[in-house]
Amino acid sequence: MSVTLRVNGTEHTLDVDPDMPLLWVLRDVLGLTGTKYGCGQALCGACTVHLDGHVVRSCVTPVRRARGGRVITIEGLSADGSHPLQRAWVDLGVPQCGFCQAGQIMTAAALLAATPKPTDDEIDASLAGNLCRCGTYPRIRAAVRTAAGLPPIASEDD
Amino acid sequence: MAIVRVTRRSFLVGSGLSIGGLALGLAPGLFADAAHAADFGPNALVHLAADGQVTIVCHRSEMGQGIRSSLPVLIADELGADLARVTVTQADGDARYGDQNTDGSSSIRAFYDDLRRAGATARTMLIAAAAARWKVKPGQCEAHDHAVHGPGGRSLAFGALVAAAAKLPVPAPAKVVLRPTRELPHARAGGAPVKMLDAPAIVVGAAPFAADLRLPDLLVAVIARPPVVGGKLTRLDAKPALAIPGVKQVIELPAPKPPWAYQPWGGVAVLADTTWAAMRGRAALDLVWEGGDGASYDSAAFRQELLASARAPGTALRTVGDVDGALAKATRVIEAEYHVPHLAHLTMEPPCAVARAGGGRCEIWASTQSPQDARAQAAESLGIAEDKVTVHVTFLGGGFGRKSKADFVAEAAILAQKAGVPVRVQWTREDDVRHDYYNTVSTQRLAAGLDAQGKVTAWLHRTAFPPIGATFTRDATRPGAGDLQQGVLDLALDVPNVRAEACEARAHVRIGWYRSVYNIFHAFAIGSFIDELAHARGTDPRDTWLELIGPARTVSLAQLGVAKLENYGASLDDHPVDAGRLRHVIERVTALASWSRRAQDERALGLAAHRSFLTYTGVVVSVVHDERRKLRVDEAWIVMDAGAIVNADRVSAQLQGAVAMGLSNALYGGVTMKGGVTEQSNFHDARIARIADVPRRLHVEFVESDGRPCGVGEPGVPPVGAAVANAVFALTGQRVREFPILPALA
């Protein structure tokens with residue numbers, strides 16, 4: 001059975017099992033390896049992509065749910081790494097091992113698209129499902145704030 | 001091809017890397033094992049091309065500690081290179097690089113001088129070449145900004161000197177003068193900041209991890225492993241798996257023989273053209289396992305065994321004075337017992353390796369911390385010589401000690417050979433949680449004798465845990481001095497009677513190194529107990545720490561009460577047990593946290609400090625009740641004295657991360673076994689800290705120092721657990737003596 005979807009602006013018609021999770025379609029069929037496998041149960045967020053502008057965990061999203069949809073992965077967030085989050089991530093040295101970072105950035109990008117000036121509570125709530133074992137969380141928070149045009153650390157009375 | 005003069009003490013200009021350029025062999029002494037010295041082939045850490053481009057090899061694995069943004073900077077700074085014209089390449093596993101096992105927080109501290117010398121040797125020769133051309137003395141020249149500068153404003157770019165420098169003899173290491181550390185442009189505290197080298201690739205998803213490699217005809221393998229290590233397959237029907245579209249082969253792996261060491265766990269592999277098909281195929285296998293070593297292992301029962309062991313005398317490994325006599329004479333004896341369960345690594349990237357084999361050779365790409373061990377285990381598993389195996393090191397999605405084990409790499413090698421096509425072995429998260437080399441499980445008992453004035457006159461510390469040695473030899477049934485050096489034997493104590501004992505404990509699962517290892521539970525017990533003593537005596541915890549550590553001094557082996565101290569492989573001359581440095585981080589972190597003004601109704605501070613990996617770390621955390629009356633860490637301070645710093649930004653990142661991992665250990669830490677089977681399986685029940693668990697106000701400082709570099713990656717973790725427990729006690733009056741701390745309160 002074939003499935004047609006747009007990934008990072010390119011339309012693909014794929015002969016795949018419609019139950020195959022979008023994650024494995026992206027990685028194993030389309031070769032877009034920036035999206036990572038971390039848990040397979042929507043528990044860690046490493047596989048986060050956008051489907052029609054919404055954050056989804058691609059590891060539990062059957063590709064049939066993306067039929068006719070627009071998928072954006074980390075490779076398609078910007079043409080050249082120039083998304084404000086990507087720039088803030090580099091400027092503030094957010095990554096450590098880097099494995100979870102695509103998922104973190106994709107979640108944060110959806111947050112900023114909906115909430116351009118998030119509070120720290122909104123940042124924490126948005127990223128609550130994105131785990132990082134290296135503990136880059138303080139810099140993630142600072143980078144999201146920076147990309148939003150806020151000072152990296154909230155003042156005491158914020 | 002340029003000149004080839006492959007001898008130990010001359011330039012190494014060889015094939016491949018160094019064509020047309022100048023390559024520099026490592027100074028003798030980089031490799032401790034002289035047997036490897038003869039292998040100085042075309043290998044080089046530093047290479048200059050005729051166009052001036054510098055290539056520096058990173059021989060240690062990048063797993064988030066920022067080593068690729070650190071070691072090459074150290075070399076480049078000594079060379080006088082412009083970082084914009086430096087390319088970093090990743091070394092394959094090869095004994096000619098010396099030790100590549102990226103563990104023990106050792107990459108900087110073990111290689112600091114040798115790597116600097118590698119850069120300084122190249123600089124010395126470039127200067128010699130320039131001086132000869134100008135007919136001036138080398139001492140009149142200096143190298144910086146990718147050029148040699150001489151008298152009268154003359155300068156020559158590095159590239160213009162490559163051909164001449166390549167013809168010069170390599171100076172003896174002793175003749176190579178290092179720059180004063182404070183003159184290194186970047187690689188020091190207060191130096192010019194260096195951005196994380198690989199961040200631009202990471203943020204666009206282009207940094208290659210092992211699973212990202214694409215090879216023609218590659219099959220993905222997902223393995224059904226026996227739930228208990230050593231379990232036997234008693235029934236296998238592969239037909240339902242082979243019926244899944246995309247599944248190509250089902251292959252049984254050899255069963256390991258104890259001791260487990262780095263052998264693959266065994267099991268049945270399903271190979272398919274996609275990961276999804278392989279996972280479905282594994283689920284469809286009809287198989288039955290029986291038995292296994294440790295099939296009776298039960299964490300609840302074992303905890304009682306450990307407790308009984310810690311309540312009986314063990315092997316004394318540290319003795320000062322007469323503890324029994326002092327305890328008998330004490331006005332008051334304080335005792336406490338602490339338990340920390342097995343901890344799982346939970347790297348965000350589950351283990352993964354890719355291999356292709358054929359013609360008696362094997363080529364591997366793996367997220368390995370120890371490419372030489374991976375090479376050796378793959379060769380052993382395939383029955384071929386090590387030199388027929390190549391191991392390329394990819395980015396690691398976290399390591400923390402898990403990926404120094406070669407089991408998953410050997411799985412890929414075996415399957416590639418049997419399948420006849422390239423194979424990627426993909427561990428699922430469930431595989432990772434259930435088949436880890438866990439941090440060991442421990443129970444400790446501490447006792448202190450107090451005199452009538454409340455002064456501590458006796459200190460007894462018993463620690464019971466299966467040692468990592470048990471993974472490699474069945475004889476290891478109790479910890480030894482090499483294990484107790486992690487926080488017990490090297491603790492500076494100004495107490496007249498001290499004894500530390502190692503108590504029997506047998507291993508029933510694979511155990512291994514986990515970031516900070518035994519220091520985690522030793523620091524938890526010691527840090528909690530000092531706080532308990534303070535409250536029992538009614539003294540300030542900070543003052544109690546300083547009183548027990550005693551005055552600033554170097555503590556000798558005799559004063560420690562040990563015959564020798566492994567000291568993380570470092571000499572005591574270079575890295576003594578320094579009570580002053582431990583005091584200093586306590587004084588500094590408590591000053592930062594305004595410790596003396598800490599009394600507030602809804603907030604309490606807890607303090608702990610610890611020496612590990614030659615580094616001294618002090619931590620204060622603040623615990624509050626949140627709006628739902630749940631306990632939360634809302635602020636933390638960490639101060640580290642790790643001697644000289646190479647990349648301050650990466651060190652700061654390591655300390656932030658250490659607090660997060662310390663909180664994961666303390667708040668959620670622990671996996672448990674029943675019937676030899678790990679009861680947890682994924683992040684819902686093997687939990688780690690989330691963003692909201694890590695305080696928004698997290699203050700990191702390190703002591704600016706020209707001292708010898710010490711470990712950085714691990715030493716931030718150990719004090720966090722006790723600091724949390726002590727803060728919880730200060731706020732609630734409840735003393736928690738185990739991980740995880742918060743569930744124990746409920």
# chains A, B, ... in the order shown; residues from 1 in each chain; ligands from 1
call {"tool": "closest_atom_pairs", "arguments": {"of": "chain A", "to": "chain B", "cutoff": "7 Å", "atoms": "only C-alpha atoms", "output": "tab-separated table"}}
result
residue	atom	partner	partner_atom	distance
A:Met20	CA	B:Trp276	CA	6.5
A:Trp24	CA	B:Trp276	CA	6.4
A:Asp28	CA	B:Thr274	CA	5.9
A:Thr33	CA	B:Asp212	CA	5.5
A:Gly34	CA	B:Gly205	CA	3.9
A:Gly38	CA	B:Met348	CA	5.7
A:Cys39	CA	B:Arg429	CA	5.0
A:Leu43	CA	B:Phe683	CA	6.0
A:Ile74	CA	B:Val204	CA	5.8
A:Glu75	CA	B:Val204	CA	5.6
A:Gly81	CA	B:Val204	CA	5.8
A:Gln86	CA	B:Val203	CA	5.7
A:Val90	CA	B:Ala199	CA	5.5
A:Gly93	CA	B:Met196	CA	5.8
A:Pro95	CA	B:Ala199	CA	6.3
A:Gln96	CA	B:Gly64	CA	3.9
A:Cys97	CA	B:Gly64	CA	3.4
A:Gly98	CA	B:Ile202	CA	5.8
A:Phe99	CA	B:Gly397	CA	4.9
A:Cys100	CA	B:Met348	CA	6.7
A:Gln101	CA	B:Val203	CA	6.8
A:Ala102	CA	B:Gly205	CA	6.2
A:Asp124	CA	B:Ala692	CA	5.7
A:Leu127	CA	B:Ile691	CA	6.9
A:Ala128	CA	B:Ile691	CA	6.0
A:Leu131	CA	B:Arg690	CA	5.9
A:Cys132	CA	B:Met348	CA	6.9
A:Arg133	CA	B:Met348	CA	6.2
A:Cys134	CA	B:Gly657	CA	5.3
A:Gly135	CA	B:Gly657	CA	4.0
A:Thr136	CA	B:Gly657	CA	6.1
A:Tyr137	CA	B:Ile691	CA	5.4
A:Pro138	CA	B:Arg696	CA	6.5
call {"tool": "residues_around", "arguments": {"residues": "range 76-78 of chain A", "least_positions_apart": "3", "cutoff": "9 Å", "atoms": "only C-alpha atoms", "output": "PyMOL selection string"}}
result
(chain A and resi 7-9+71-73+81-83+86+106+109) or (chain B and resi 204)
call {"tool": "atom_distance", "arguments": {"atom1": "CA of Glu532 in chain B", "atom2": "CA of Val700 in chain B"}}
result
26.3 Å
call {"tool": "residues_around", "arguments": {"residues": "range 60-70 of chain A", "least_positions_apart": "4", "cutoff": "12 Å", "atoms": "only C-alpha atoms", "output": "PyMOL selection string"}}
result
(chain A and resi 1-26+29+37-56+76) or (chain B and resi 276)
call {"tool": "select_by_dssp", "arguments": {"residues": "range 67-150 of chain A", "states": "helix (DSSP H, G or I)", "output": "mmCIF file with N, CA and C atoms, in the first residue's frame"}}
result
data_model
loop_
_atom_site.group_PDB
_atom_site.id
_atom_site.type_symbol
_atom_site.label_atom_id
_atom_site.label_comp_id
_atom_site.auth_asym_id
_atom_site.auth_seq_id
_atom_site.Cartn_x
_atom_site.Cartn_y
_atom_site.Cartn_z
ATOM 1 N N ILE A 74 14.121 18.010 11.764
ATOM 2 C CA ILE A 74 15.218 18.927 12.086
ATOM 3 C C ILE A 74 15.955 19.359 10.812
ATOM 4 N N GLU A 75 16.025 18.456 9.833
ATOM 5 C CA GLU A 75 16.721 18.819 8.588
ATOM 6 C C GLU A 75 15.973 19.908 7.830
ATOM 7 N N GLY A 76 14.665 20.037 8.094
ATOM 8 C CA GLY A 76 13.867 21.004 7.363
ATOM 9 C C GLY A 76 13.466 22.214 8.188
ATOM 10 N N PRO A 84 16.226 30.760 14.596
ATOM 11 C CA PRO A 84 16.702 31.422 15.831
ATOM 12 C C PRO A 84 17.052 30.436 16.947
ATOM 13 N N LEU A 85 16.327 29.334 17.026
ATOM 14 C CA LEU A 85 16.672 28.343 18.052
ATOM 15 C C LEU A 85 18.002 27.677 17.746
ATOM 16 N N GLN A 86 18.220 27.358 16.491
ATOM 17 C CA GLN A 86 19.493 26.714 16.137
ATOM 18 C C GLN A 86 20.661 27.652 16.408
ATOM 19 N N ARG A 87 20.458 28.938 16.104
ATOM 20 C CA ARG A 87 21.541 29.893 16.354
ATOM 21 C C ARG A 87 21.775 30.051 17.853
ATOM 22 N N ALA A 88 20.690 30.148 18.614
ATOM 23 C CA ALA A 88 20.838 30.282 20.070
ATOM 24 C C ALA A 88 21.499 29.033 20.657
ATOM 25 N N TRP A 89 21.147 27.870 20.114
ATOM 26 C CA TRP A 89 21.710 26.604 20.601
ATOM 27 C C TRP A 89 23.232 26.587 20.421
ATOM 28 N N VAL A 90 23.684 27.086 19.267
ATOM 29 C CA VAL A 90 25.132 27.110 19.005
ATOM 30 C C VAL A 90 25.797 28.190 19.856
ATOM 31 N N ASP A 91 25.174 29.362 19.902
ATOM 32 C CA ASP A 91 25.786 30.475 20.644
ATOM 33 C C ASP A 91 25.942 30.143 22.124
ATOM 34 N N GLN A 101 18.924 16.459 21.040
ATOM 35 C CA GLN A 101 18.773 17.890 20.784
ATOM 36 C C GLN A 101 17.819 18.204 19.637
ATOM 37 N N ALA A 102 17.770 17.369 18.615
ATOM 38 C CA ALA A 102 16.834 17.627 17.522
ATOM 39 C C ALA A 102 15.413 17.632 18.064
ATOM 40 N N GLY A 103 15.110 16.681 18.927
ATOM 41 C CA GLY A 103 13.772 16.620 19.519
ATOM 42 C C GLY A 103 13.479 17.833 20.392
ATOM 43 N N GLN A 104 14.477 18.254 21.154
ATOM 44 C CA GLN A 104 14.305 19.438 22.005
ATOM 45 C C GLN A 104 14.015 20.666 21.142
ATOM 46 N N ILE A 105 14.810 20.814 20.073
ATOM 47 C CA ILE A 105 14.664 22.004 19.216
ATOM 48 C C ILE A 105 13.304 21.984 18.510
ATOM 49 N N MET A 106 12.885 20.823 18.028
ATOM 50 C CA MET A 106 11.601 20.762 17.322
ATOM 51 C C MET A 106 10.448 21.084 18.275
ATOM 52 N N THR A 107 10.526 20.602 19.495
ATOM 53 C CA THR A 107 9.480 20.931 20.467
ATOM 54 C C THR A 107 9.480 22.428 20.767
ATOM 55 N N ALA A 108 10.681 22.963 20.968
ATOM 56 C CA ALA A 108 10.785 24.395 21.281
ATOM 57 C C ALA A 108 10.314 25.241 20.107
ATOM 58 N N ALA A 109 10.565 24.777 18.881
ATOM 59 C CA ALA A 109 10.137 25.553 17.710
ATOM 60 C C ALA A 109 8.621 25.652 17.655
ATOM 61 N N ALA A 110 7.954 24.568 17.980
ATOM 62 C CA ALA A 110 6.483 24.611 17.999
ATOM 63 C C ALA A 110 5.995 25.521 19.115
ATOM 64 N N LEU A 111 6.686 25.487 20.245
ATOM 65 C CA LEU A 111 6.314 26.376 21.351
ATOM 66 C C LEU A 111 6.399 27.836 20.914
ATOM 67 N N LEU A 112 7.532 28.207 20.317
ATOM 68 C CA LEU A 112 7.725 29.615 19.950
ATOM 69 C C LEU A 112 6.782 30.042 18.833
ATOM 70 N N ALA A 113 6.416 29.088 17.960
ATOM 71 C CA ALA A 113 5.471 29.437 16.897
ATOM 72 C C ALA A 113 4.116 29.801 17.486
ATOM 73 N N ALA A 114 3.766 29.132 18.588
ATOM 74 C CA ALA A 114 2.464 29.393 19.209
ATOM 75 C C ALA A 114 2.550 30.463 20.285
ATOM 76 N N ASP A 120 9.022 30.890 31.804
ATOM 77 C CA ASP A 120 9.789 29.683 32.135
ATOM 78 C C ASP A 120 8.856 28.512 32.428
ATOM 79 N N ASP A 121 7.717 28.791 33.040
ATOM 80 C CA ASP A 121 6.765 27.707 33.283
ATOM 81 C C ASP A 121 6.264 27.120 31.965
ATOM 82 N N GLU A 122 6.022 27.996 30.997
ATOM 83 C CA GLU A 122 5.567 27.495 29.688
ATOM 84 C C GLU A 122 6.668 26.702 28.980
ATOM 85 N N ILE A 123 7.898 27.162 29.127
ATOM 86 C CA ILE A 123 9.023 26.418 28.527
ATOM 87 C C ILE A 123 9.122 25.035 29.173
ATOM 88 N N ASP A 124 9.080 25.009 30.492
ATOM 89 C CA ASP A 124 9.208 23.724 31.194
ATOM 90 C C ASP A 124 8.051 22.794 30.842
ATOM 91 N N ALA A 125 6.847 23.354 30.755
ATOM 92 C CA ALA A 125 5.690 22.506 30.435
ATOM 93 C C ALA A 125 5.811 21.965 29.015
ATOM 94 N N SER A 126 6.238 22.817 28.113
ATOM 95 C CA SER A 126 6.351 22.398 26.713
ATOM 96 C C SER A 126 7.384 21.299 26.539
ATOM 97 N N TYR A 137 19.425 20.847 30.338
ATOM 98 C CA TYR A 137 18.187 21.608 30.566
ATOM 99 C C TYR A 137 18.391 23.108 30.859
ATOM 100 N N PRO A 138 19.336 23.483 31.753
ATOM 101 C CA PRO A 138 19.462 24.928 32.025
ATOM 102 C C PRO A 138 19.803 25.720 30.764
ATOM 103 N N ARG A 139 20.638 25.134 29.913
ATOM 104 C CA ARG A 139 20.995 25.867 28.688
ATOM 105 C C ARG A 139 19.875 25.801 27.657
ATOM 106 N N ILE A 140 19.113 24.711 27.655
ATOM 107 C CA ILE A 140 17.945 24.659 26.767
ATOM 108 C C ILE A 140 17.007 25.819 27.107
ATOM 109 N N ARG A 141 16.738 25.966 28.402
ATOM 110 C CA ARG A 141 15.842 27.035 28.839
ATOM 111 C C ARG A 141 16.387 28.392 28.397
ATOM 112 N N ALA A 142 17.684 28.577 28.607
ATOM 113 C CA ALA A 142 18.296 29.857 28.252
ATOM 114 C C ALA A 142 18.256 30.086 26.742
ATOM 115 N N ALA A 143 18.448 29.024 25.964
ATOM 116 C CA ALA A 143 18.458 29.183 24.508
ATOM 117 C C ALA A 143 17.059 29.475 23.974
ATOM 118 N N VAL A 144 16.060 28.852 24.549
ATOM 119 C CA VAL A 144 14.684 29.144 24.120
ATOM 120 C C VAL A 144 14.371 30.606 24.418
ATOM 121 N N ARG A 145 14.757 31.035 25.606
ATOM 122 C CA ARG A 145 14.522 32.437 25.967
ATOM 123 C C ARG A 145 15.266 33.372 25.018
ATOM 124 N N THR A 146 16.508 33.045 24.705
ATOM 125 C CA THR A 146 17.303 33.882 23.807
ATOM 126 C C THR A 146 16.664 33.954 22.424
ATOM 127 N N ALA A 147 16.244 32.800 21.912
ATOM 128 C CA ALA A 147 15.610 32.784 20.595
ATOM 129 C C ALA A 147 14.324 33.596 20.594
#
call {"tool": "select_by_dssp", "arguments": {"residues": "range 205-302 of chain B", "states": "strand (DSSP E)", "output": "number ranges by chain"}}
result
B: 219-224, 232-237, 247-253, 267-272, 286-290
call {"tool": "write_last_selection", "arguments": {"atoms": "N, CA, C and O atoms", "output": "short mmCIF file (atom, residue, chain, number, x, y, z; two decimals), in the first residue's frame"}}
result
data_model
loop_
_atom_site.label_atom_id
_atom_site.label_comp_id
_atom_site.auth_asym_id
_atom_site.auth_seq_id
_atom_site.Cartn_x
_atom_site.Cartn_y
_atom_site.Cartn_z
N LEU B 219 21.26 -4.74 6.75
CA LEU B 219 20.10 -5.23 7.47
C LEU B 219 20.16 -4.75 8.92
O LEU B 219 21.26 -4.59 9.47
N VAL B 220 19.00 -4.54 9.49
CA VAL B 220 18.91 -4.11 10.89
C VAL B 220 18.62 -5.33 11.74
O VAL B 220 17.70 -6.10 11.43
N ALA B 221 19.38 -5.50 12.80
CA ALA B 221 19.17 -6.63 13.70
C ALA B 221 18.62 -6.14 15.03
O ALA B 221 19.15 -5.20 15.64
N VAL B 222 17.53 -6.77 15.45
CA VAL B 222 17.00 -6.58 16.80
C VAL B 222 17.03 -7.95 17.46
O VAL B 222 16.62 -8.95 16.84
N ILE B 223 17.55 -8.01 18.67
CA ILE B 223 17.87 -9.30 19.28
C ILE B 223 16.94 -9.59 20.45
O ILE B 223 16.76 -8.75 21.34
N ALA B 224 16.37 -10.81 20.44
CA ALA B 224 15.65 -11.31 21.62
C ALA B 224 16.68 -11.97 22.52
O ALA B 224 17.32 -12.94 22.12
N LYS B 232 19.22 -20.29 28.88
CA LYS B 232 19.33 -21.19 27.72
C LYS B 232 18.04 -21.17 26.91
O LYS B 232 16.95 -21.13 27.47
N LEU B 233 18.20 -21.24 25.61
CA LEU B 233 17.08 -21.31 24.69
C LEU B 233 16.59 -22.76 24.65
O LEU B 233 17.33 -23.68 24.32
N THR B 234 15.33 -22.97 25.03
CA THR B 234 14.81 -24.34 25.03
C THR B 234 13.80 -24.54 23.90
O THR B 234 13.40 -25.67 23.65
N ARG B 235 13.38 -23.51 23.26
CA ARG B 235 12.42 -23.66 22.18
C ARG B 235 12.54 -22.44 21.28
O ARG B 235 12.59 -21.30 21.75
N LEU B 236 12.60 -22.68 19.98
CA LEU B 236 12.65 -21.58 19.02
C LEU B 236 11.89 -21.95 17.77
O LEU B 236 12.18 -22.97 17.13
N ASP B 237 10.90 -21.16 17.42
CA ASP B 237 10.23 -21.27 16.13
C ASP B 237 10.33 -19.91 15.46
O ASP B 237 9.71 -18.94 15.90
N VAL B 247 11.42 -9.07 6.99
CA VAL B 247 12.34 -9.89 7.78
C VAL B 247 13.07 -10.84 6.83
O VAL B 247 12.45 -11.51 6.00
N LYS B 248 14.39 -10.89 6.94
CA LYS B 248 15.21 -11.66 6.00
C LYS B 248 15.85 -12.89 6.64
O LYS B 248 15.99 -13.91 5.99
N GLN B 249 16.30 -12.75 7.86
CA GLN B 249 17.03 -13.86 8.48
C GLN B 249 16.76 -13.87 9.99
O GLN B 249 16.49 -12.83 10.59
N VAL B 250 16.86 -15.07 10.55
CA VAL B 250 16.85 -15.21 12.01
C VAL B 250 18.11 -15.98 12.38
O VAL B 250 18.38 -17.05 11.83
N ILE B 251 18.92 -15.41 13.27
CA ILE B 251 20.23 -15.99 13.59
C ILE B 251 20.38 -16.10 15.10
O ILE B 251 20.17 -15.13 15.83
N GLU B 252 20.77 -17.30 15.53
CA GLU B 252 21.01 -17.49 16.95
C GLU B 252 22.43 -17.06 17.29
O GLU B 252 23.38 -17.40 16.57
N LEU B 253 22.56 -16.32 18.37
CA LEU B 253 23.88 -15.88 18.81
C LEU B 253 24.45 -16.87 19.82
O LEU B 253 23.69 -17.52 20.55
N GLY B 267 21.30 -14.83 22.55
CA GLY B 267 19.94 -14.58 22.13
C GLY B 267 19.70 -14.94 20.67
O GLY B 267 20.52 -15.64 20.05
N VAL B 268 18.58 -14.45 20.16
CA VAL B 268 18.18 -14.76 18.79
C VAL B 268 17.95 -13.43 18.07
O VAL B 268 17.13 -12.62 18.52
N ALA B 269 18.66 -13.24 16.97
CA ALA B 269 18.58 -11.97 16.24
C ALA B 269 17.63 -12.10 15.06
O ALA B 269 17.66 -13.10 14.33
N VAL B 270 16.81 -11.07 14.89
CA VAL B 270 15.95 -10.98 13.70
C VAL B 270 16.51 -9.87 12.83
O VAL B 270 16.66 -8.73 13.29
N LEU B 271 16.84 -10.23 11.59
CA LEU B 271 17.44 -9.27 10.67
C LEU B 271 16.42 -8.90 9.60
O LEU B 271 15.81 -9.79 8.97
N ALA B 272 16.25 -7.59 9.41
CA ALA B 272 15.23 -7.13 8.47
C ALA B 272 15.72 -5.90 7.73
O ALA B 272 16.74 -5.31 8.09
N ASP B 286 8.71 -17.17 18.38
CA ASP B 286 8.13 -18.06 19.38
C ASP B 286 9.31 -18.74 20.07
O ASP B 286 9.97 -19.60 19.47
N LEU B 287 9.60 -18.31 21.30
CA LEU B 287 10.78 -18.89 21.96
C LEU B 287 10.59 -18.97 23.47
O LEU B 287 9.75 -18.27 24.05
N VAL B 288 11.35 -19.87 24.06
CA VAL B 288 11.28 -20.08 25.51
C VAL B 288 12.71 -20.11 26.04
O VAL B 288 13.59 -20.77 25.47
N TRP B 289 12.92 -19.40 27.11
CA TRP B 289 14.23 -19.40 27.79
C TRP B 289 14.09 -20.10 29.12
O TRP B 289 13.04 -20.05 29.76
N GLU B 290 15.18 -20.68 29.57
CA GLU B 290 15.19 -21.27 30.91
C GLU B 290 16.48 -20.94 31.63
O GLU B 290 17.55 -20.86 31.01
#
call {"tool": "residues_around", "arguments": {"residues": "Gln485 in chain B", "least_positions_apart": "2", "cutoff": "9 Å", "atoms": "only C-alpha atoms", "output": "NGL selection string"}}
result
:B and (480-483 or 487-491 or 519 or 565-568 or 612)
call {"tool": "write_last_selection", "arguments": {"atoms": "N, CA and C atoms", "output": "JSON list (two decimals), in the first residue's frame"}}
result
[["chain", "number", "residue", "atom", "x", "y", "z"],
["B", 480, "GLY", "N", 37.70, -4.34, 47.09],
["B", 480, "GLY", "CA", 39.08, -4.23, 47.54],
["B", 480, "GLY", "C", 39.48, -2.78, 47.68],
["B", 481, "ALA", "N", 40.76, -2.58, 47.96],
["B", 481, "ALA", "CA", 41.26, -1.22, 48.18],
["B", 481, "ALA", "C", 41.09, -0.36, 46.93],
["B", 482, "GLY", "N", 41.19, -0.99, 45.76],
["B", 482, "GLY", "CA", 41.00, -0.22, 44.52],
["B", 482, "GLY", "C", 39.57, 0.28, 44.36],
["B", 483, "ASP", "N", 38.64, -0.38, 45.05],
["B", 483, "ASP", "CA", 37.25, 0.06, 45.02],
["B", 483, "ASP", "C", 36.97, 1.10, 46.11],
["B", 487, "GLY", "N", 36.44, 7.39, 47.54],
["B", 487, "GLY", "CA", 35.74, 8.18, 48.53],
["B", 487, "GLY", "C", 35.85, 7.72, 49.96],
["B", 488, "VAL", "N", 36.30, 6.48, 50.19],
["B", 488, "VAL", "CA", 36.37, 5.96, 51.57],
["B", 488, "VAL", "C", 37.79, 6.06, 52.10],
["B", 489, "LEU", "N", 38.74, 5.56, 51.32],
["B", 489, "LEU", "CA", 40.14, 5.55, 51.79],
["B", 489, "LEU", "C", 40.77, 6.93, 51.67],
["B", 490, "ASP", "N", 40.29, 7.74, 50.73],
["B", 490, "ASP", "CA", 40.94, 9.04, 50.48],
["B", 490, "ASP", "C", 40.20, 10.19, 51.14],
["B", 491, "LEU", "N", 39.33, 9.87, 52.09],
["B", 491, "LEU", "CA", 38.59, 10.92, 52.81],
["B", 491, "LEU", "C", 39.49, 11.50, 53.91],
["B", 519, "ASN", "N", 31.76, 6.20, 43.95],
["B", 519, "ASN", "CA", 31.71, 7.49, 44.65],
["B", 519, "ASN", "C", 30.29, 7.94, 44.93],
["B", 565, "LEU", "N", 47.54, 3.98, 48.11],
["B", 565, "LEU", "CA", 46.28, 4.52, 47.59],
["B", 565, "LEU", "C", 46.37, 4.51, 46.07],
["B", 566, "GLU", "N", 45.41, 3.87, 45.45],
["B", 566, "GLU", "CA", 45.47, 3.80, 43.98],
["B", 566, "GLU", "C", 45.40, 5.19, 43.36],
["B", 567, "ASN", "N", 44.60, 6.07, 43.97],
["B", 567, "ASN", "CA", 44.59, 7.48, 43.61],
["B", 567, "ASN", "C", 44.31, 7.70, 42.13],
["B", 568, "TYR", "N", 43.38, 6.92, 41.59],
["B", 568, "TYR", "CA", 42.95, 7.08, 40.20],
["B", 568, "TYR", "C", 44.12, 7.02, 39.22],
["B", 612, "SER", "N", 36.83, 13.15, 44.31],
["B", 612, "SER", "CA", 36.82, 12.00, 43.41],
["B", 612, "SER", "C", 37.55, 12.37, 42.13]]
call {"tool": "closest_residue", "arguments": {"among": "A:Pro118, A:Cys59, A:Leu30, A:Asn130", "to": "Ala154 in chain A", "atoms": "only C-alpha atoms"}}
result
A:Pro118
call {"tool": "atom_distance", "arguments": {"atom1": "CA of Leu79 in chain B", "atom2": "CA of Pro169 in chain B"}}
result
17.2 Å
call {"tool": "closest_residue", "arguments": {"among": "B:Ser652, B:Thr181, B:Met640, B:Ala593", "to": "Leu92 in chain A", "atoms": "only C-alpha atoms"}}
result
B:Ser652
call {"tool": "atom_distance", "arguments": {"atom1": "CA of His144 in chain B", "atom2": "CA of Gly98 in chain B"}}
result
29.0 Å
